[in-house]
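A.B. asks: Sharing work_33.cif below, mmCIF, C-alpha atoms:
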data_data
loop_
_atom_site.label_atom_id
_atom_site.label_comp_id
_atom_site.auth_asym_id
_atom_site.auth_seq_id
_atom_site.Cartn_x
_atom_site.Cartn_y
_atom_site.Cartn_z
CA MET M 1 8.78 -12.25 -5.88
CA SER M 2 8.96 -8.66 -7.15
CA LYS M 3 11.31 -6.39 -5.27
CA PRO M 4 9.84 -3.60 -3.11
CA VAL M 5 9.33 -0.28 -4.89
CA LEU M 6 9.04 3.28 -3.58
CA VAL M 7 6.79 5.43 -5.77
CA THR M 8 7.30 9.17 -5.41
CA GLY M 9 4.68 11.64 -6.60
CA ALA M 10 2.17 8.92 -5.78
CA THR M 11 -0.88 11.17 -5.59
CA GLY M 12 -0.23 12.78 -8.99
CA THR M 13 -1.66 11.65 -12.31
CA ILE M 14 1.26 9.39 -13.28
CA GLY M 15 2.47 8.32 -9.85
CA ARG M 16 -0.99 7.22 -8.77
CA ASP M 17 -1.36 4.98 -11.83
CA VAL M 18 2.13 3.55 -11.37
CA ALA M 19 1.39 2.66 -7.73
CA ARG M 20 -1.93 1.07 -8.65
CA GLN M 21 -0.50 -0.95 -11.53
CA LEU M 22 2.38 -2.21 -9.42
CA SER M 23 0.00 -3.18 -6.63
CA GLY M 24 -2.14 -5.03 -9.17
CA LYS M 25 0.93 -7.02 -10.19
CA GLY M 26 1.47 -8.09 -6.57
CA VAL M 27 4.46 -5.80 -5.99
CA ALA M 28 5.23 -4.57 -2.47
CA VAL M 29 4.58 -0.89 -3.18
CA ARG M 30 5.33 1.98 -0.83
CA ALA M 31 3.78 5.30 -1.83
CA GLY M 32 5.64 8.40 -0.67
CA VAL M 33 3.07 11.08 0.18
CA ARG M 34 2.81 14.35 2.10
CA ASP M 35 -0.82 14.02 3.17
CA GLN M 36 -1.64 10.46 4.16
CA ALA M 37 -5.32 11.12 4.88
CA LYS M 38 -5.84 12.54 1.39
CA ALA M 39 -3.71 9.84 -0.25
CA ARG M 40 -5.61 7.02 1.42
CA LYS M 41 -8.75 7.96 -0.54
CA GLU M 42 -6.89 7.43 -3.82
CA LEU M 43 -4.50 4.63 -2.88
CA ALA M 44 -6.56 2.10 -0.97
CA ASP M 45 -4.65 -0.99 0.15
CA ILE M 46 -1.28 0.54 -0.79
CA ALA M 47 1.29 1.16 1.96
CA LEU M 48 1.86 4.86 2.57
CA THR M 49 4.92 6.55 4.01
CA PRO M 50 5.57 10.19 4.92
CA PHE M 51 7.59 11.79 2.15
CA ASP M 52 8.27 15.33 1.03
CA PHE M 53 10.92 16.35 -1.49
CA GLU M 54 11.26 19.63 0.41
CA ASN M 55 12.02 17.82 3.67
CA GLU M 56 15.20 15.78 3.41
CA LYS M 57 14.52 14.24 6.81
CA THR M 58 11.72 12.14 5.27
CA PHE M 59 14.00 10.48 2.72
CA ALA M 60 15.64 7.81 4.88
CA GLY M 61 12.39 6.40 6.26
CA ALA M 62 10.74 6.28 2.86
CA LEU M 63 13.75 4.59 1.26
CA GLU M 64 14.42 2.03 3.99
CA GLY M 65 14.30 -1.50 2.54
CA MET M 66 13.48 -0.33 -0.98
CA GLU M 67 15.38 -1.88 -3.89
CA LYS M 68 13.72 0.16 -6.66
CA VAL M 69 12.40 3.70 -6.92
CA PHE M 70 10.05 5.42 -9.35
CA LEU M 71 11.37 8.96 -9.31
CA LEU M 72 8.89 11.61 -10.36
CA PRO M 73 10.40 15.11 -10.12
CA PRO M 74 8.55 17.79 -8.16
CA LEU M 75 7.79 21.16 -9.74
CA LEU M 76 10.08 23.36 -7.67
CA PRO M 77 12.46 26.24 -8.48
CA ASN M 78 15.30 24.21 -6.92
CA GLN M 79 14.20 20.95 -8.56
CA LEU M 80 17.68 19.88 -9.66
CA GLU M 81 19.23 20.36 -6.22
CA VAL M 82 16.38 18.47 -4.55
CA MET M 83 16.50 15.61 -7.04
CA ASN M 84 20.25 15.17 -6.75
CA THR M 85 20.00 15.15 -2.96
CA PHE M 86 17.33 12.45 -3.17
CA VAL M 87 19.45 10.33 -5.52
CA ASP M 88 22.33 10.52 -3.05
CA ALA M 89 19.99 9.38 -0.27
CA ALA M 90 18.72 6.50 -2.42
CA LYS M 91 22.25 5.31 -3.04
CA ARG M 92 23.06 5.41 0.69
CA ALA M 93 19.88 3.44 1.41
CA GLY M 94 20.95 0.64 -0.94
CA VAL M 95 18.50 1.29 -3.77
CA ARG M 96 19.59 -0.76 -6.79
CA HIS M 97 17.48 0.68 -9.61
CA ILE M 98 16.04 4.16 -10.21
CA VAL M 99 13.37 4.61 -12.87
CA LYS M 100 13.30 8.33 -13.49
CA LEU M 101 10.50 10.21 -15.20
CA SER M 102 12.53 12.56 -17.35
CA ALA M 103 11.49 14.49 -20.47
CA VAL M 104 11.79 14.54 -24.23
CA GLY M 105 14.39 16.87 -25.70
CA ILE M 106 17.46 15.99 -23.66
CA GLY M 107 20.41 16.16 -26.00
CA ASP M 108 18.89 18.86 -28.19
CA GLU M 109 21.32 21.57 -29.22
CA THR M 110 19.37 24.15 -27.22
CA GLN M 111 17.29 23.10 -24.26
CA PRO M 112 14.68 24.86 -22.12
CA THR M 113 15.59 25.23 -18.45
CA ALA M 114 13.30 22.39 -17.34
CA ILE M 115 14.92 20.02 -19.83
CA ARG M 116 18.41 21.03 -18.70
CA TRP M 117 17.41 20.18 -15.13
CA HIS M 118 16.29 16.72 -16.21
CA GLY M 119 19.49 16.19 -18.20
CA ALA M 120 21.68 17.22 -15.28
CA ASN M 121 19.78 14.94 -12.91
CA GLU M 122 20.13 12.06 -15.37
CA GLN M 123 23.88 12.65 -15.37
CA HIS M 124 23.95 12.68 -11.57
CA ILE M 125 22.14 9.34 -11.52
CA ARG M 126 24.63 7.89 -14.03
CA GLU M 127 27.54 9.06 -11.88
CA SER M 128 25.97 7.60 -8.72
CA GLY M 129 26.53 4.08 -9.98
CA VAL M 130 22.92 3.07 -9.29
CA ALA M 131 21.25 1.19 -12.16
CA PHE M 132 18.81 3.41 -14.02
CA THR M 133 16.12 3.61 -16.64
CA PHE M 134 15.14 7.01 -18.02
CA LEU M 135 11.63 7.56 -19.33
CA ARG M 136 11.48 10.62 -21.59
CA PRO M 137 7.85 11.44 -22.41
CA ASN M 138 6.58 14.15 -24.70
CA SER M 139 3.86 16.59 -23.62
CA PHE M 140 0.98 14.84 -21.85
CA MET M 141 -2.47 14.51 -23.39
CA GLN M 142 -3.80 15.11 -19.88
CA ASN M 143 -2.40 18.65 -19.99
CA PHE M 144 -5.54 19.54 -21.95
CA PHE M 145 -7.62 19.23 -18.80
CA THR M 146 -4.95 20.13 -16.22
CA TYR M 147 -2.48 22.81 -17.29
CA PHE M 148 -4.23 24.33 -20.32
CA PRO M 149 -7.85 23.16 -20.42
CA PRO M 150 -10.30 24.64 -22.92
CA ARG M 151 -12.23 27.69 -21.76
CA ASN M 152 -15.64 28.41 -23.27
CA GLY M 153 -14.93 25.95 -26.07
CA ALA M 154 -11.49 27.33 -26.98
CA ILE M 155 -7.94 26.13 -26.39
CA TYR M 156 -5.68 29.12 -25.84
CA LEU M 157 -1.99 28.42 -26.49
CA PRO M 158 0.94 30.31 -28.09
CA TRP M 159 1.94 27.40 -30.32
CA GLY M 160 1.29 28.83 -33.77
CA ASN M 161 1.27 25.86 -36.17
CA GLY M 162 3.58 23.80 -33.99
CA THR M 163 2.90 20.11 -33.38
CA ALA M 164 3.78 17.56 -30.72
CA SER M 165 3.45 13.78 -30.42
CA PHE M 166 1.30 14.00 -27.26
CA VAL M 167 1.38 10.94 -25.01
CA ASP M 168 -1.26 9.55 -22.65
CA THR M 169 0.01 9.44 -19.06
CA ARG M 170 -1.67 6.07 -18.63
CA ASP M 171 0.77 4.69 -21.20
CA ILE M 172 3.68 6.26 -19.33
CA ALA M 173 2.53 4.54 -16.14
CA SER M 174 2.25 1.21 -17.97
CA VAL M 175 5.83 1.53 -19.22
CA ALA M 176 7.06 2.42 -15.73
CA ALA M 177 5.25 -0.54 -14.17
CA LYS M 178 6.68 -2.91 -16.78
CA VAL M 179 10.21 -1.60 -16.33
CA LEU M 180 9.95 -1.90 -12.55
CA THR M 181 8.75 -5.51 -12.69
CA SER M 182 10.84 -7.08 -15.46
CA ASP M 183 14.49 -7.51 -16.34
CA GLY M 184 16.53 -6.04 -19.15
CA HIS M 185 15.73 -2.35 -18.74
CA GLU M 186 18.82 -1.21 -16.85
CA ARG M 187 20.74 1.61 -18.54
CA LYS M 188 17.95 1.97 -21.11
CA ILE M 189 16.35 5.22 -22.28
CA TYR M 190 12.80 5.19 -23.62
CA THR M 191 11.34 8.17 -25.45
CA LEU M 192 7.59 7.96 -24.97
CA THR M 193 5.22 9.51 -27.51
CA GLY M 194 1.77 9.08 -28.91
CA PRO M 195 1.26 7.57 -32.37
CA ALA M 196 1.05 10.89 -34.23
CA ALA M 197 2.17 14.51 -34.11
CA LEU M 198 -0.77 16.89 -33.74
CA GLY M 199 -1.20 20.63 -33.92
CA ILE M 200 -3.59 22.31 -31.51
CA ALA M 201 -6.14 22.96 -34.26
CA GLU M 202 -6.18 19.20 -34.92
CA VAL M 203 -6.57 18.55 -31.17
CA ALA M 204 -9.59 20.89 -31.13
CA ARG M 205 -11.10 19.10 -34.15
CA ILE M 206 -10.72 15.68 -32.51
CA LEU M 207 -12.21 16.93 -29.25
CA SER M 208 -15.16 18.34 -31.18
CA GLU M 209 -15.78 15.00 -32.89
CA MET M 210 -15.42 12.86 -29.78
CA THR M 211 -17.45 15.06 -27.43
CA ARG M 212 -20.01 16.42 -29.91
CA ARG M 213 -19.22 19.87 -28.62
CA GLU M 214 -17.46 22.50 -30.69
CA PHE M 215 -13.87 23.38 -29.75
CA LYS M 216 -11.51 25.76 -31.50
CA TYR M 217 -7.86 26.77 -31.22
CA VAL M 218 -6.90 30.34 -30.44
CA ASP M 219 -3.25 31.09 -31.17
CA VAL M 220 -2.33 33.48 -28.36
CA PRO M 221 0.55 35.96 -28.65
CA GLU M 222 3.40 34.93 -26.36
CA ALA M 223 3.24 38.18 -24.38
CA ALA M 224 -0.45 37.66 -23.72
CA ALA M 225 0.14 34.05 -22.61
CA ARG M 226 2.82 35.21 -20.17
CA ASP M 227 0.66 38.03 -18.82
CA GLY M 228 -2.28 35.68 -18.41
CA MET M 229 -0.30 33.29 -16.23
CA LEU M 230 1.12 36.12 -14.15
CA GLN M 231 -2.35 37.55 -13.62
CA ALA M 232 -3.46 34.09 -12.49
CA GLU M 233 -0.68 34.35 -9.87
CA VAL M 234 1.46 31.59 -11.32
CA PRO M 235 4.96 32.11 -9.82
CA PRO M 236 7.21 34.04 -12.24
CA TRP M 237 9.88 31.30 -12.28
CA GLN M 238 7.22 28.78 -13.32
CA VAL M 239 5.84 31.13 -15.99
CA GLU M 240 9.28 31.36 -17.59
CA LEU M 241 9.68 27.57 -17.57
CA VAL M 242 6.32 27.11 -19.28
CA MET M 243 6.96 29.83 -21.84
CA GLU M 244 10.27 28.20 -22.82
CA LEU M 245 8.44 24.91 -23.39
CA HIS M 246 5.72 26.63 -25.41
CA ALA M 247 8.40 28.21 -27.60
CA VAL M 248 9.93 24.80 -28.36
CA ASN M 249 6.55 23.40 -29.34
CA LYS M 250 5.85 26.42 -31.55
CA GLN M 251 9.11 25.61 -33.34
CA ASN M 252 7.89 22.06 -34.05
CA ARG M 253 10.92 20.51 -32.36
CA TRP M 254 9.12 17.74 -30.47
CA SER M 255 6.99 16.16 -33.17
CA ALA M 256 8.91 12.90 -33.65
CA VAL M 257 7.07 9.64 -33.03
CA THR M 258 8.70 6.57 -31.45
CA SER M 259 7.68 2.94 -30.94
CA ASP M 260 9.10 2.68 -27.41
CA ILE M 261 5.74 2.29 -25.64
CA GLU M 262 4.83 -0.72 -27.76
CA LYS M 263 8.39 -2.04 -27.51
CA VAL M 264 8.18 -2.15 -23.71
CA THR M 265 4.52 -2.99 -23.08
CA GLY M 266 3.56 -4.88 -26.23
CA THR M 267 0.62 -2.50 -26.72
CA PRO M 268 0.49 0.47 -29.13
CA PRO M 269 0.23 3.93 -27.57
CA THR M 270 -3.18 5.50 -27.09
CA ASP M 271 -4.20 7.88 -29.86
CA PHE M 272 -5.76 11.25 -29.12
CA ALA M 273 -9.21 10.21 -30.32
CA GLN M 274 -9.32 7.35 -27.80
CA PHE M 275 -8.05 9.65 -25.07
CA ALA M 276 -10.78 12.19 -25.90
CA ARG M 277 -13.46 9.47 -25.86
CA ASP M 278 -12.27 8.20 -22.49
CA HIS M 279 -12.40 11.70 -20.98
CA ALA M 280 -15.28 13.17 -22.94
CA ASP M 281 -17.25 14.09 -19.82
CA LYS M 282 -14.37 16.17 -18.46
CA PHE M 283 -14.06 18.08 -21.70
CA ARG M 284 -17.79 18.66 -21.98
CA ALA M 285 -17.66 20.21 -18.50
CA THR M 286 -14.98 22.78 -19.41
#
Please rewrite the model in this file as structure tokens.

C.D. replies:
Amino acid sequence: MSKPVLVTGATGTIGRDVARQLSGKGVAVRAGVRDQAKARKELADIALTPFDFENEKTFAGALEGMEKVFLLPPLLPNQLEVMNTFVDAAKRAGVRHIVKLSAVGIGDETQPTAIRWHGANEQHIRESGVAFTFLRPNSFMQNFFTYFPPRNGAIYLPWGNGTASFVDTRDIASVAAKVLTSDGHERKIYTLTGPAALGIAEVARILSEMTRREFKYVDVPEAAARDGMLQAEVPPWQVELVMELHAVNKQNRWSAVTSDIEKVTGTPPTDFAQFARDHADKFRAT
């Protein structure tokens, strides 16, 4: 019988899919959520438990009896402190395996702040003595309808001619579910990418073909991108994190492609054309 698993971030794009896939495999899943009424609509038949990364008092109850944890970091200015505190609580609770959603780029000579946080948390997990698996995905394909969706048929980003090997979050969830339900993944690191590196102009072309609606790429000056987020009342600390990540992508530093998704799941990663076909209605509505 599969060991019980706590899924954090269970109402987000990745966490929700991880919880559902684990439940489909017959795993005893516990979804850590802040709003149980809202979560119940998305996670039918999955056990829910009160959990909030910003409330340490919820950790013990959520972790009780859990042998494995899917750890999805929250977007907070004190993310590293919160994550390390949670890892300590997991160790005290007897958790034996932490599968952490990390990020591509750890180990680079220069790292954006968000990547440094992930790297430091990975180190804290190593030092805790708890078995671990680190999943390091590249930029999500789903970002094109969450964080930077097209507006009036245009994708506005300060990426220049930079490329990235975008990955479908559904593939990330499949890797996580496989790692959490099979042996041999302890102390492993998987870098998760799509099958090709794409520039934003290429993304726009593919979206145009798959949706039969014209999309174009507008290369925005970095100052304008920063000002736009600030005017949209994005917190300044978050704006700086995002701008650092944009700068890395403009420099073409995260364009490598790996075979880790297929290695773990036995299935090749989703390409951007398939992703666009699957979500064509969402893009047509932008």

A.B. asks: Check which residues satisfy the PyMOL selection byres ((chain M and resi 7) around 12) in the file shown, then give them as an MDAnalysis selection string.

C.D. replies: chainID M and resid 4:6 8:12 14:23 27:33 43 46:51 62:63 66:73 98:101 173 176:177 180

A.B. asks: In Å to one decimal, how far is CA of Leu207 in chain M from CA of Pro150 in chain M?

C.D. replies: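 Spanning CA of Pro150 in chain M to CA of Leu207 in chain M is a straight-line distance of 10.2 Å.
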
A.B. asks: Check what the PyMOL selection byres ((chain M and resi 215) around 12) selects in the file above and give those residues as a CSV table (one decimal) with C-alpha atoms, in the frame of the given file.

C.D. replies:
chain,number,residue,atom,x,y,z
M,149,PRO,CA,-7.8,23.2,-20.4
M,150,PRO,CA,-10.3,24.6,-22.9
M,151,ARG,CA,-12.2,27.7,-21.8
M,152,ASN,CA,-15.6,28.4,-23.3
M,153,GLY,CA,-14.9,26.0,-26.1
M,154,ALA,CA,-11.5,27.3,-27.0
M,155,ILE,CA,-7.9,26.1,-26.4
M,156,TYR,CA,-5.7,29.1,-25.8
M,200,ILE,CA,-3.6,22.3,-31.5
M,201,ALA,CA,-6.1,23.0,-34.3
M,202,GLU,CA,-6.2,19.2,-34.9
M,203,VAL,CA,-6.6,18.6,-31.2
M,204,ALA,CA,-9.6,20.9,-31.1
M,205,ARG,CA,-11.1,19.1,-34.2
M,206,ILE,CA,-10.7,15.7,-32.5
M,207,LEU,CA,-12.2,16.9,-29.2
M,208,SER,CA,-15.2,18.3,-31.2
M,209,GLU,CA,-15.8,15.0,-32.9
M,210,MET,CA,-15.4,12.9,-29.8
M,211,THR,CA,-17.4,15.1,-27.4
M,212,ARG,CA,-20.0,16.4,-29.9
M,213,ARG,CA,-19.2,19.9,-28.6
M,214,GLU,CA,-17.5,22.5,-30.7
M,216,LYS,CA,-11.5,25.8,-31.5
M,217,TYR,CA,-7.9,26.8,-31.2
M,218,VAL,CA,-6.9,30.3,-30.4
M,283,PHE,CA,-14.1,18.1,-21.7
M,284,ARG,CA,-17.8,18.7,-22.0
M,286,THR,CA,-15.0,22.8,-19.4

A.B. asks: Which residues fall under the PyMOL selection byres ((chain M and resi 59) around 10) in this file, as number ranges by chain?

C.D. replies: M: 32, 49-58, 60-64, 85-87, 89-90, 93

A.B. asks: When distances are computed from all atoms listed in the file, which of M:Gly26, M:Pro235, M:Pro268, M:Gly105 shows the smallest separation from His118 in chain M?

C.D. replies: M:Gly105

A.B. asks: Can you work out the spacing between CA of Val239 in chain M and CA of Leu80 in chain M in Å, to one decimal?

C.D. replies: 17.5 Å

A.B. asks: How many Å separate CA of Trp159 in chain M from CA of Ala256 in chain M?

C.D. replies: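 Going from CA of Trp159 in chain M over to CA of Ala256 in chain M, I get 16.4 Å.
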
A.B. asks: Give the answer as one residue: which of M:Val234, M:Ala285, M:Asn249, M:Ala280 has the shortest atom-to-atom distance to Gln111 in chain M, using all atoms listed in the file?

C.D. replies: M:Asn249

A.B. asks: Restricting the calculation to all atoms listed in the file, which member of M:Pro158, M:Pro269, M:Pro221, M:Pro195 is positioned closest to Lys250 in chain M?

C.D. replies: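 The answer is M:Pro158, which sits nearest to Lys250 in chain M.
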
A.B. asks: Between M:His124, M:Arg136, M:Arg40, M:Lys178, which is the closest to Ser102 in chain M once you count all atoms listed in the file?

C.D. replies: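 The answer is M:Arg136, which sits nearest to Ser102 in chain M.
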
A.B. asks: Tell me which residues come within 12 Å of (8.3, 28.0, -16.7), as a list of chain:residue names, counting all atoms listed in the file in the file's coordinates.

C.D. replies: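 Residues with an atom close enough to that point: M:Leu75, M:Leu76, M:Pro77, M:Pro112, M:Thr113, M:Ala114, M:Ile115, M:Tyr147, M:Ala225, M:Arg226, M:Met229, M:Leu230, M:Val234, M:Pro235, M:Pro236, M:Trp237, M:Gln238, M:Val239, M:Glu240, M:Leu241, M:Val242, M:Met243, M:Glu244, M:Leu245, M:His246, M:Ala247.
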
A.B. asks: Ile189 in chain M: which residues within 7 Å, counting all atoms listed in the file, same-chain residues fewer than 4 positions away excluded, as number ranges by chain?

C.D. replies: M: 133-135

A.B. asks: Just checking: using all atoms listed in the file, which residue out of M:Ala120, M:Ala273, M:Ala44, M:Val104 ends up closest to Met141 in chain M?

C.D. replies: M:Ala273

A.B. asks: Please provide as a list in words all residues within 12 Å of Glu262 in chain M, with the sequence filter that same-chain residues fewer than 2 positions apart are discarded (counting all atoms listed in the file).

C.D. replies: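 Counting only the stated atoms, we get Asp171, Ile172, Ser174, Val175, Lys178, Tyr190, Thr191, Leu192, Thr193, Gly194, Pro195, Val257, Thr258, Ser259, Asp260, Val264, Thr265, Gly266, Thr267, Pro268, Pro269 and Thr270 of chain M.
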